[in-house]
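Enquirer: Quick one: structure below, then a few questions.
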Amino acid sequence: MDLPIFVKKMFRSILISFLFTLVFSCSQKGEVNSQLPSSFFSMIDFMEEEKKWMVNDNISLTKILSLNGETDTLYIVQPNFASELDVFIKADINRPALSDKYRVDSIFSSGKLYKITYTANDEKMTTRKLGVQVDNQNKVVFIDIRLFNGSPITKNVQHLIYRPKNGYVIKNEQYFMGNKDEIMVEGFFKQKRR
């Protein structure tokens, strides 16, 4: 039985697509892989571990606050890290209800995971992008988060950066009826002398 021409072409294009996917899904330096894992990176679990070492290692905090270019510096001997890291915890996307709301891109280097990025498929999601970079021992070295909240009158865009053992940056741009305010908070961790 002869198959119609369009069916033959469809089978050929499916076969070519399959081979193309197979060839480019091998781990090579800088390769990007868009697979959906069973769970996402847990910001909650990661930040809980961070809080533990901060308390155990007696970490103090230097905080630089900036509002529209005006800066102030605070030295906090006993920081409340639950409060300090709350904005990162609220950006967590590791929930079953969100499993189809994000595209996952993994970058490998020399066969090892280098970076994983979660990008929102839905414009209604507050956490629009979450990127996690790891070292050769699979330890987190850098977290980059983009958040968005908006209404017809106001818009709030946040860029969060977290560097384990070093500190964090929270950049907040608030738009209200044509006016823009820029708020930036930089936190630097320091171990106190015993």
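We name chains A, B, ... following the order of the structure tokens; residues begin at 1 in each chain, and ligands are numbered from 1 as shown.
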Identify, with DSSP run on backbone atoms, the residues in segment 10-179 of chain A assigned to strand (DSSP E), and express the list as a PyMOL selection string.
Expert: chain A and resi 31-33+59-67+70-76+102-109+112-120+127-134+140-150+154-163+167-176+179
Enquirer: Listing only residues of segment 73-101 of chain A within 10 Å of segment 136-159 of chain A, what is the closest atom pair and its distance in Å (to one decimal) for each, using only C-alpha atoms, sorted by chain and residue number ascending, as CSV?
Expert:
residue,atom,partner,partner_atom,distance
A:Val87,CA,A:Gln158,CA,10.0
A:Phe88,CA,A:Ile145,CA,8.3
A:Ala91,CA,A:Leu147,CA,7.6
A:Asp92,CA,A:Ile145,CA,9.8
Enquirer: For Met47 of chain A, find every residue with an atom within 10 Å (counting only C-alpha atoms), except residues of its own chain fewer than 4 positions away, and show them as a ChimeraX atom specification.
Expert: /A:42-43,51-52,81-82,85-86,88-89,164
Enquirer: Would you mind exporting N, CA and C atoms of the selected residues as a tab-separated table (two decimals), in the first residue's frame?
Expert:
chain	number	residue	atom	x	y	z
A	42	SER	N	14.75	24.37	45.07
A	42	SER	CA	13.99	24.85	46.23
A	42	SER	C	14.71	26.01	46.90
A	43	MET	N	14.21	27.20	46.67
A	43	MET	CA	14.77	28.39	47.29
A	43	MET	C	14.56	28.34	48.80
A	51	LYS	N	20.65	30.28	56.36
A	51	LYS	CA	20.39	30.87	57.68
A	51	LYS	C	21.12	30.11	58.78
A	52	LYS	N	21.16	28.78	58.66
A	52	LYS	CA	21.84	27.96	59.68
A	52	LYS	C	23.32	28.31	59.79
A	81	PHE	N	18.18	37.09	60.06
A	81	PHE	CA	18.34	36.58	58.71
A	81	PHE	C	17.04	36.05	58.12
A	82	ALA	N	16.10	35.64	58.95
A	82	ALA	CA	14.79	35.23	58.43
A	82	ALA	C	14.14	36.40	57.70
A	85	LEU	N	16.37	37.51	54.41
A	85	LEU	CA	16.31	36.61	53.25
A	85	LEU	C	14.88	36.30	52.80
A	86	ASP	N	13.90	36.93	53.43
A	86	ASP	CA	12.50	36.64	53.15
A	86	ASP	C	12.13	36.88	51.68
A	88	PHE	N	13.89	36.48	49.09
A	88	PHE	CA	14.38	35.35	48.28
A	88	PHE	C	13.48	34.12	48.47
A	89	ILE	N	13.08	33.90	49.71
A	89	ILE	CA	12.21	32.76	50.01
A	89	ILE	C	10.86	32.91	49.30
A	164	PRO	N	26.27	33.13	47.86
A	164	PRO	CA	26.51	32.46	49.14
A	164	PRO	C	27.85	32.87	49.75
Enquirer: Would you please give, as a ChimeraX atom specification, all residues of segment 21-148 of chain A that DSSP assigns to helix (DSSP H, G or I) based on the backbone?
Expert: /A:21-24,43-56,81-84,86-89,96-98
Enquirer: Rank nothing, just name the residue among A:Gln133, A:Thr62, A:Gly178, A:Phe40 nearest to Lys101 of chain A, using only C-alpha atoms.
Expert: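 The closest residue to Lys101 of chain A is A:Phe40.
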Enquirer: Within 7 Å of Glu186 of chain A, counting only C-alpha atoms, which residues qualify if same-chain residues fewer than 4 places away don't, as an mmCIF file with C-alpha atoms, in the first residue's frame?
Expert:
data_model
loop_
_atom_site.group_PDB
_atom_site.id
_atom_site.type_symbol
_atom_site.label_atom_id
_atom_site.label_comp_id
_atom_site.auth_asym_id
_atom_site.auth_seq_id
_atom_site.Cartn_x
_atom_site.Cartn_y
_atom_site.Cartn_z
ATOM 1 C CA LYS A 63 23.805 46.943 54.704
ATOM 2 C CA ILE A 64 23.940 49.765 52.178
ATOM 3 C CA LEU A 65 20.540 51.299 51.464
ATOM 4 C CA TYR A 168 23.035 39.934 48.281
ATOM 5 C CA VAL A 169 21.654 42.768 46.178
ATOM 6 C CA ILE A 170 17.987 43.741 45.938
#
Enquirer: List the neighbours of Leu98 of chain A out to 10 Å using only C-alpha atoms; skip same-chain residues closer than 2 positions along the sequence, and give me the result as a list in words.
Expert: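 My list of contacting residues is Ser39, Phe40, Ile93, Asn94, Arg95, Pro96, Asp100, Lys101, Tyr102, Ala120 and Met125 of chain A.
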Enquirer: Would you output that residue set with N, CA and C atoms, as a PDB file, in the first residue's frame?
Expert:
ATOM      1  N   SER A  39      11.070  18.247  39.937  1.00  0.00           N
ATOM      2  CA  SER A  39      10.912  19.363  40.871  1.00  0.00           C
ATOM      3  C   SER A  39      11.915  20.449  40.512  1.00  0.00           C
ATOM      4  N   PHE A  40      11.621  21.648  40.947  1.00  0.00           N
ATOM      5  CA  PHE A  40      12.492  22.782  40.679  1.00  0.00           C
ATOM      6  C   PHE A  40      13.451  22.988  41.847  1.00  0.00           C
ATOM      7  N   ILE A  93       9.722  28.822  43.547  1.00  0.00           N
ATOM      8  CA  ILE A  93       8.768  28.302  42.559  1.00  0.00           C
ATOM      9  C   ILE A  93       8.647  26.780  42.651  1.00  0.00           C
ATOM     10  N   ASN A  94       9.231  26.169  43.665  1.00  0.00           N
ATOM     11  CA  ASN A  94       9.250  24.710  43.789  1.00  0.00           C
ATOM     12  C   ASN A  94       7.950  24.197  44.417  1.00  0.00           C
ATOM     13  N   ARG A  95       6.856  24.319  43.639  1.00  0.00           N
ATOM     14  CA  ARG A  95       5.556  23.813  44.074  1.00  0.00           C
ATOM     15  C   ARG A  95       4.924  23.036  42.918  1.00  0.00           C
ATOM     16  N   PRO A  96       4.272  21.911  43.209  1.00  0.00           N
ATOM     17  CA  PRO A  96       3.667  21.107  42.142  1.00  0.00           C
ATOM     18  C   PRO A  96       2.721  21.911  41.244  1.00  0.00           C
ATOM     19  N   ASP A 100       4.077  23.350  35.407  1.00  0.00           N
ATOM     20  CA  ASP A 100       3.918  23.626  33.974  1.00  0.00           C
ATOM     21  C   ASP A 100       3.981  25.121  33.659  1.00  0.00           C
ATOM     22  N   LYS A 101       4.303  25.927  34.650  1.00  0.00           N
ATOM     23  CA  LYS A 101       4.310  27.389  34.466  1.00  0.00           C
ATOM     24  C   LYS A 101       5.678  27.938  34.072  1.00  0.00           C
ATOM     25  N   TYR A 102       6.714  27.083  34.099  1.00  0.00           N
ATOM     26  CA  TYR A 102       8.074  27.548  33.817  1.00  0.00           C
ATOM     27  C   TYR A 102       8.767  26.658  32.800  1.00  0.00           C
ATOM     28  N   ALA A 120       9.346  32.016  33.333  1.00  0.00           N
ATOM     29  CA  ALA A 120       7.884  31.894  33.394  1.00  0.00           C
ATOM     30  C   ALA A 120       7.276  31.851  31.998  1.00  0.00           C
ATOM     31  N   MET A 125       2.783  35.304  36.447  1.00  0.00           N
ATOM     32  CA  MET A 125       3.668  34.825  37.504  1.00  0.00           C
ATOM     33  C   MET A 125       4.505  35.986  38.049  1.00  0.00           C
TER      34      MET A 125
END
Enquirer: In Å, with one decimal, what is the gap from atom CA of Ile183 of chain A to atom CA of Thr71 of chain A?
Expert: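 Between atom CA of Ile183 of chain A and atom CA of Thr71 of chain A the gap is 9.7 Å.
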Enquirer: So how many Å separate atom CA of Pro79 of chain A and atom CA of Lys129 of chain A, to one decimal?
Expert: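 About the pair atom CA of Pro79 of chain A and atom CA of Lys129 of chain A: they are 27.9 Å apart.
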Enquirer: Show me, as a list of chain:residue names, the residues that have an atom within 9 Å of Lys165 of chain A when counting only C-alpha atoms, minus same-chain residues fewer than 6 positions from it.
Expert: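 That gives A:Glu50, A:Met54, A:Val141, A:Phe188, A:Phe189, A:Lys190.
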Enquirer: Taking only C-alpha atoms into account, name the residue in A:Leu130, A:Met184, A:Ala97, A:Glu173 that is nearest to Phe41 of chain A.
Expert: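 Smallest separation from Phe41 of chain A among the options: A:Leu130.
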